[in-house]
file entry_31.cif (mmCIF, C-alpha atoms)
data_upload
loop_
_atom_site.label_atom_id
_atom_site.label_comp_id
_atom_site.auth_asym_id
_atom_site.auth_seq_id
_atom_site.Cartn_x
_atom_site.Cartn_y
_atom_site.Cartn_z
CA MET N 1369 -6.80 30.54 2.44
CA VAL N 1370 -5.80 31.37 6.00
CA ALA N 1371 -3.48 34.25 6.83
CA THR N 1372 -2.27 34.61 10.43
CA ARG N 1373 0.67 35.75 12.51
CA SER N 1374 -0.07 33.14 15.13
CA ASP N 1375 2.06 30.00 15.00
CA GLU N 1376 -0.61 28.15 16.96
CA ILE N 1377 -3.39 29.03 14.51
CA ALA N 1378 -1.15 28.24 11.54
CA GLU N 1379 -0.34 24.80 12.92
CA ARG N 1380 -4.01 24.10 13.61
CA ALA N 1381 -5.02 25.23 10.11
CA ARG N 1382 -2.38 22.99 8.49
CA ALA N 1383 -3.63 20.04 10.52
CA LEU N 1384 -7.30 20.66 9.73
CA ARG N 1385 -6.65 20.82 5.97
CA GLN N 1386 -5.22 17.27 6.15
CA HIS N 1387 -7.92 15.41 8.06
CA GLY N 1388 -6.65 16.70 11.41
CA MET N 1389 -3.18 15.18 10.97
CA ARG N 1390 -0.09 16.54 12.65
CA ARG N 1391 1.76 13.26 12.20
CA ARG N 1392 1.30 11.17 9.04
CA TYR N 1393 -1.79 8.92 9.32
CA TYR N 1394 -2.44 9.86 12.96
CA HIS N 1395 -5.54 12.03 13.28
CA ASP N 1396 -5.79 14.16 16.42
CA GLU N 1397 -9.11 15.72 15.43
CA VAL N 1398 -11.67 15.59 12.64
CA GLY N 1399 -10.65 17.81 9.75
CA TRP N 1400 -11.06 18.13 5.99
CA ASN N 1401 -9.23 17.23 2.81
CA THR N 1402 -8.68 20.70 1.35
CA ARG N 1403 -5.28 20.44 -0.26
CA MET N 1404 -6.21 21.07 -3.90
CA ASP N 1405 -6.31 24.61 -5.25
CA GLY N 1406 -7.61 25.92 -8.57
CA PHE N 1407 -4.23 25.66 -10.31
CA GLN N 1408 -3.95 21.96 -9.45
CA GLY N 1409 -7.52 21.43 -10.61
CA ALA N 1410 -6.70 23.01 -13.99
CA ILE N 1411 -3.75 20.66 -14.47
CA LEU N 1412 -5.81 17.62 -13.52
CA THR N 1413 -8.48 18.62 -16.03
CA VAL N 1414 -5.85 18.44 -18.79
CA LYS N 1415 -4.53 15.12 -17.49
CA LEU N 1416 -7.98 13.51 -17.66
CA LYS N 1417 -7.51 12.84 -21.39
CA TYR N 1418 -4.71 10.39 -20.51
CA ILE N 1419 -6.46 8.56 -17.70
CA ASP N 1420 -7.64 5.52 -19.69
CA GLY N 1421 -4.12 4.76 -20.89
CA TRP N 1422 -2.67 5.21 -17.42
CA LEU N 1423 -5.28 2.91 -15.90
CA GLN N 1424 -4.50 0.25 -18.49
CA ALA N 1425 -0.80 0.57 -17.71
CA ARG N 1426 -1.51 0.15 -13.99
CA HIS N 1427 -3.56 -2.95 -14.81
CA THR N 1428 -0.57 -4.39 -16.67
CA VAL N 1429 1.72 -3.75 -13.69
CA ALA N 1430 -0.79 -5.38 -11.32
CA ARG N 1431 -0.97 -8.50 -13.50
CA ARG N 1432 2.82 -8.62 -13.52
CA TYR N 1433 2.86 -8.52 -9.72
CA HIS N 1434 0.31 -11.32 -9.64
CA ALA N 1435 2.47 -13.44 -11.94
CA LEU N 1436 5.60 -12.82 -9.86
CA PHE N 1437 3.92 -13.81 -6.60
CA HIS N 1438 2.43 -16.95 -8.09
CA ALA N 1439 5.69 -17.88 -9.80
CA ALA N 1440 7.49 -17.58 -6.46
CA GLY N 1441 4.88 -19.73 -4.73
CA LEU N 1442 4.07 -16.88 -2.35
CA ALA N 1443 0.43 -16.24 -3.22
CA GLU N 1444 -2.04 -17.68 -0.73
CA ALA N 1445 -5.75 -18.21 -1.17
CA GLY N 1446 -8.30 -16.89 1.29
CA LEU N 1447 -8.50 -13.71 3.32
CA TYR N 1448 -5.66 -14.19 5.79
CA PRO N 1449 -1.97 -14.88 5.10
CA VAL N 1450 -0.15 -17.65 6.96
CA HIS N 1451 3.37 -17.72 5.50
CA GLY N 1452 3.14 -15.91 2.18
CA VAL N 1453 0.92 -13.08 0.96
CA VAL N 1454 -2.73 -12.55 0.09
CA LEU N 1455 -2.99 -10.61 -3.14
CA PRO N 1456 -5.53 -7.88 -3.96
CA GLN N 1457 -8.47 -9.14 -5.99
CA GLU N 1458 -10.47 -7.69 -8.85
CA VAL N 1459 -14.19 -8.30 -8.50
CA ARG N 1460 -15.90 -9.68 -11.59
CA SER N 1461 -17.81 -7.20 -13.75
CA THR N 1462 -15.74 -4.34 -12.29
CA ARG N 1463 -12.59 -2.56 -13.42
CA HIS N 1464 -9.97 -2.03 -10.74
CA THR N 1465 -8.08 1.27 -11.01
CA TRP N 1466 -5.07 -0.18 -9.14
CA HIS N 1467 -4.49 3.12 -7.41
CA GLN N 1468 -2.65 0.96 -4.88
CA TYR N 1469 -1.39 -2.63 -5.00
CA VAL N 1470 -1.94 -3.77 -1.41
CA ILE N 1471 -0.86 -7.19 -0.18
CA ARG N 1472 -1.42 -8.76 3.23
CA THR N 1473 1.40 -10.57 4.98
CA PRO N 1474 1.98 -11.63 8.61
CA ARG N 1475 5.57 -10.34 8.41
CA ARG N 1476 4.59 -6.91 7.14
CA ASP N 1477 6.89 -4.79 9.30
CA GLN N 1478 9.93 -7.02 8.69
CA LEU N 1479 9.24 -7.02 4.95
CA ARG N 1480 8.85 -3.25 4.81
CA GLU N 1481 12.09 -2.71 6.70
CA PHE N 1482 13.83 -5.17 4.38
CA LEU N 1483 12.57 -3.39 1.28
CA SER N 1484 13.42 0.04 2.66
CA SER N 1485 17.00 -1.01 3.34
CA ARG N 1486 17.24 -1.92 -0.35
CA LYS N 1487 15.76 1.37 -1.60
CA ILE N 1488 12.38 -0.14 -2.53
CA GLY N 1489 9.45 2.00 -1.47
CA SER N 1490 6.29 0.75 0.22
CA GLU N 1491 3.52 2.27 2.33
CA ILE N 1492 0.98 1.22 4.95
CA TYR N 1493 -2.62 2.25 4.23
CA TYR N 1494 -3.34 2.60 7.12
CA PRO N 1495 -1.38 1.83 10.31
CA VAL N 1496 -4.14 2.85 12.73
CA PRO N 1497 -7.81 1.92 12.12
CA LEU N 1498 -10.41 4.65 12.43
CA HIS N 1499 -11.87 3.53 15.75
CA LEU N 1500 -8.46 3.84 17.42
CA GLN N 1501 -7.71 7.33 16.10
CA GLN N 1502 -7.61 10.11 18.69
CA ALA N 1503 -10.08 12.10 16.58
CA LEU N 1504 -12.79 9.46 17.13
CA LYS N 1505 -11.98 8.55 20.72
CA SER N 1506 -15.26 10.10 21.88
CA LEU N 1507 -17.17 7.27 20.18
CA GLY N 1508 -16.02 4.98 22.97
CA TYR N 1509 -14.41 2.20 20.94
CA GLY N 1510 -11.16 0.56 21.96
CA GLU N 1511 -8.73 -2.11 20.92
CA GLY N 1512 -10.65 -5.28 20.05
CA SER N 1513 -13.82 -3.46 19.03
CA PHE N 1514 -13.18 -4.08 15.32
CA PRO N 1515 -10.76 -7.03 15.10
CA GLU N 1516 -10.88 -7.28 11.29
CA ALA N 1517 -9.84 -3.64 10.86
CA GLU N 1518 -7.10 -4.07 13.46
CA ARG N 1519 -5.74 -7.20 11.78
CA ALA N 1520 -5.73 -5.50 8.39
CA ALA N 1521 -3.80 -2.57 9.88
CA ARG N 1522 -1.13 -5.02 11.03
CA GLU N 1523 -0.86 -6.91 7.71
CA VAL N 1524 -1.42 -4.56 4.76
CA LEU N 1525 1.46 -3.23 2.68
CA ALA N 1526 1.20 -1.22 -0.54
CA LEU N 1527 3.87 -1.96 -3.15
CA PRO N 1528 5.09 0.52 -5.79
CA ILE N 1529 2.67 0.78 -8.70
CA PHE N 1530 2.53 3.52 -11.32
CA PRO N 1531 1.84 3.60 -15.07
CA ASN N 1532 5.46 3.56 -16.21
CA CYS N 1533 6.70 0.99 -13.69
CA ALA N 1534 9.28 -0.93 -15.72
CA LYS N 1535 9.53 -4.71 -16.02
CA THR N 1536 13.05 -4.47 -14.66
CA SER N 1537 11.71 -2.88 -11.47
CA SER N 1538 9.27 -5.76 -11.00
CA ARG N 1539 12.03 -8.31 -11.55
CA ARG N 1540 14.24 -6.50 -9.05
CA TRP N 1541 11.38 -6.57 -6.57
CA SER N 1542 10.85 -10.32 -7.10
CA ALA N 1543 14.54 -10.98 -6.48
CA ARG N 1544 14.45 -8.97 -3.24
CA LEU N 1545 11.30 -10.76 -2.14
CA ARG N 1546 12.94 -14.14 -2.76
CA SER N 1547 15.92 -12.98 -0.70
CA PHE N 1548 13.61 -11.92 2.13
CA CYS N 1549 11.96 -15.36 2.12
CA ASP N 1550 15.32 -17.10 2.25
CA LYS N 1551 16.42 -14.99 5.21
CA GLN N 1552 13.13 -15.70 7.02
CA ASN N 1553 13.51 -19.47 6.43
CA LEU N 1554 9.92 -19.71 5.27
CA PRO N 1555 8.64 -23.18 4.31
CA SER N 1556 8.67 -24.18 0.66
CA VAL N 1557 4.89 -23.87 0.44
CA ALA N 1558 5.34 -20.12 0.86
CA CYS N 1559 8.55 -19.40 -1.03
CA GLY N 1560 8.77 -22.01 -3.72
CA GLY N 1561 12.55 -21.40 -3.70
CA SER N 1562 14.92 -20.00 -6.30
CA PRO N 1563 14.38 -22.73 -8.92
CA CYS N 1564 10.69 -21.79 -9.17
CA LEU N 1565 11.52 -18.19 -10.03
CA LYS N 1566 14.18 -19.19 -12.56
CA ALA N 1567 11.80 -21.62 -14.21
CA HIS N 1568 9.44 -18.75 -14.92
CA GLY N 1569 12.18 -16.53 -16.32
CA PHE N 1570 12.76 -14.31 -13.30
CA SER N 1571 16.27 -13.66 -12.03
CA PRO N 1572 18.02 -11.03 -9.89
#

call {"tool": "encode", "arguments": {"input": "entry_31.cif", "output": "C-alpha cells"}}
result
Amino acid sequence: MVATRSDEIAERARALRQHGMRRRYYHDEVGWNTRMDGFQGAILTVKLKYIDGWLQARHTVARRYHALFHAAGLAEAGLYPVHGVVLPQEVRSTRHTWHQYVIRTPRRDQLREFLSSRKIGSEIYYPVPLHLQQALKSLGYGEGSFPEAERAAREVLALPIFPNCAKTSSRRWSARLRSFCDKQNLPSVACGGSPCLKAHGFSP
C-alpha cells in the first residue's frame, strides 16, 4: 500500500502496479503486476473448486466458435489469414484453458469496429509488441526487428468467451460476422455465403 499527498507520486504508483501503464496496453516504464490483495485472494481460493467445470464450459464455447467459423467457410488453414480468419489451435496432449479465443484476420480493425457498433465486445491482446513499447526502448529495437510479433499485433482479435456464454450469443455473433463479410464483398472461399450458414442451422 502507498499513501501520499502527492498527485505525481500517486500517478506513478498506479502506473507501476499495472506494468508501468498509464494508457491501456501502452507501457511507459517497467513495472509490476500487483493488483491483487488478500481479500481477492481469499475469494479466488473459494472459486478454485469450480474451475474444472468452468474450463469445460469454456472448451464447449470454443468448439462452438470453431463450428461457426467452419460452417461459414471463414476458417483458413496455416498461420496467416488471407481473406478469412485463422483460428486458435489446441496442441495435442494438452488441455487449452481458453482464457481467450483469439483469431487472426487481415481486416482486424474493420471487424472490431463493426462488432463494437453492434454491441459485441472484442479485445486486442496486444496492440503494441514488447520491443516497440516505450518501457523497452533502451534495448535498441525498432519497427521491423520482430516482424512476426508486429504482424500478430496487427491481426489478432479476442472474441467474447466465458463459461456461461449462451448458444444464442454465438448465433448472434455468426450472423453479424456473415453481415460483415457481405459488406466487405469477400470472395466465396472466405465467406461461404448465407446458404452455407443456413444449411448448418445458423440464422440471425

call {"tool": "closest_residue", "arguments": {"input": "entry_31.cif", "among": "N:Tyr1393, N:Asp1477, N:Gln1408, N:Pro1449", "to": "Pro1497 in chain N", "atoms": "only C-alpha atoms"}}
result
N:Tyr1393

call {"tool": "resolve_selection", "arguments": {"input": "entry_31.cif", "expression": "the PyMOL selection byres ((chain N and resi 1487) around 12)", "output": "NGL selection string"}}
result
:N and (1480-1486 or 1488-1490 or 1528 or 1537 or 1540-1541 or 1544)

call {"tool": "resolve_selection", "arguments": {"input": "entry_31.cif", "expression": "the PyMOL selection byres ((chain N and resi 1398) around 9)", "output": "ChimeraX atom specification"}}
result
/N:1384,1387-1389,1395-1397,1399-1400,1503-1504

call {"tool": "resolve_selection", "arguments": {"input": "entry_31.cif", "expression": "the PyMOL selection byres ((chain N and resi 1420-1433) around 7)", "output": "PyMOL selection string"}}
result
chain N and resi 1418-1419+1434-1437+1465-1466+1469+1529-1531+1533

call {"tool": "closest_residue", "arguments": {"input": "entry_31.cif", "among": "N:Arg1382, N:Arg1522, N:Arg1390, N:Arg1472", "to": "Tyr1494 in chain N", "atoms": "only C-alpha atoms"}}
result
N:Arg1522

call {"tool": "atom_distance", "arguments": {"input": "entry_31.cif", "atom1": "CA of Ile1492 in chain N", "atom2": "CA of Arg1475 in chain N"}}
result
12.9 Å

call {"tool": "closest_residue", "arguments": {"input": "entry_31.cif", "among": "N:Lys1417, N:Met1369, N:Pro1456, N:Ala1526", "to": "Asp1405 in chain N", "atoms": "only C-alpha atoms"}}
result
N:Met1369

call {"tool": "atom_distance", "arguments": {"input": "entry_31.cif", "atom1": "CA of Leu1442 in chain N", "atom2": "CA of Ile1471 in chain N"}}
result
11.1 Å

call {"tool": "decode", "arguments": {"input": "entry_31.cif", "residues": "range 1427-1495 of chain N", "atoms": "C-alpha atoms", "output": "compact mmCIF listing (two decimals), in the first residue's frame"}}
result
# COMPACT_ATOMS: atom_id res chain seq x y z
CA HIS N 1427 -13.98 -25.60 -24.06
CA THR N 1428 -17.58 -26.06 -25.21
CA VAL N 1429 -17.82 -22.40 -26.25
CA ALA N 1430 -14.52 -22.64 -28.14
CA ARG N 1431 -15.73 -25.69 -30.07
CA ARG N 1432 -18.92 -23.81 -30.91
CA TYR N 1433 -16.87 -20.93 -32.31
CA HIS N 1434 -14.84 -23.40 -34.36
CA ALA N 1435 -18.03 -24.91 -35.80
CA LEU N 1436 -19.46 -21.49 -36.66
CA PHE N 1437 -16.33 -20.37 -38.50
CA HIS N 1438 -16.08 -23.60 -40.45
CA ALA N 1439 -19.78 -23.59 -41.26
CA ALA N 1440 -19.44 -20.06 -42.64
CA GLY N 1441 -16.43 -21.06 -44.74
CA LEU N 1442 -14.30 -18.47 -42.94
CA ALA N 1443 -11.70 -20.72 -41.31
CA GLU N 1444 -8.35 -20.77 -43.09
CA ALA N 1445 -5.52 -23.23 -42.67
CA GLY N 1446 -1.97 -22.15 -41.94
CA LEU N 1447 -0.53 -19.37 -39.83
CA TYR N 1448 -1.56 -16.29 -41.78
CA PRO N 1449 -5.06 -15.20 -42.86
CA VAL N 1450 -5.72 -14.09 -46.43
CA HIS N 1451 -9.46 -13.38 -46.62
CA GLY N 1452 -10.98 -15.18 -43.64
CA VAL N 1453 -9.64 -16.00 -40.19
CA VAL N 1454 -7.04 -18.29 -38.66
CA LEU N 1455 -8.49 -19.98 -35.60
CA PRO N 1456 -6.66 -20.71 -32.33
CA GLN N 1457 -5.40 -24.27 -32.09
CA GLU N 1458 -5.21 -26.79 -29.29
CA VAL N 1459 -1.95 -28.71 -29.24
CA ARG N 1460 -2.29 -32.47 -28.94
CA SER N 1461 -1.75 -33.98 -25.49
CA THR N 1462 -2.51 -30.59 -23.89
CA ARG N 1463 -5.66 -29.04 -22.47
CA HIS N 1464 -6.36 -25.48 -23.55
CA THR N 1465 -7.90 -23.28 -20.85
CA TRP N 1466 -9.47 -20.97 -23.47
CA HIS N 1467 -8.83 -17.97 -21.29
CA GLN N 1468 -9.09 -16.08 -24.58
CA TYR N 1469 -10.40 -17.08 -28.01
CA VAL N 1470 -8.04 -15.20 -30.33
CA ILE N 1471 -8.45 -15.21 -34.10
CA ARG N 1472 -6.21 -13.66 -36.73
CA THR N 1473 -7.70 -11.68 -39.59
CA PRO N 1474 -6.26 -9.16 -42.08
CA ARG N 1475 -9.29 -6.91 -41.54
CA ARG N 1476 -8.98 -6.86 -37.77
CA ASP N 1477 -9.61 -3.17 -37.16
CA GLN N 1478 -12.60 -3.02 -39.52
CA LEU N 1479 -14.07 -6.15 -37.92
CA ARG N 1480 -13.61 -4.82 -34.40
CA GLU N 1481 -15.26 -1.52 -35.28
CA PHE N 1482 -18.12 -3.40 -36.94
CA LEU N 1483 -18.66 -5.58 -33.88
CA SER N 1484 -18.43 -2.64 -31.50
CA SER N 1485 -21.10 -0.74 -33.42
CA ARG N 1486 -23.37 -3.75 -32.84
CA LYS N 1487 -22.64 -4.01 -29.11
CA ILE N 1488 -20.41 -7.09 -29.44
CA GLY N 1489 -17.27 -6.89 -27.35
CA SER N 1490 -13.77 -7.81 -28.51
CA GLU N 1491 -10.23 -7.01 -27.42
CA ILE N 1492 -6.72 -6.83 -28.89
CA TYR N 1493 -4.05 -8.77 -26.98
CA TYR N 1494 -1.85 -6.84 -27.64
CA PRO N 1495 -1.78 -3.80 -29.96
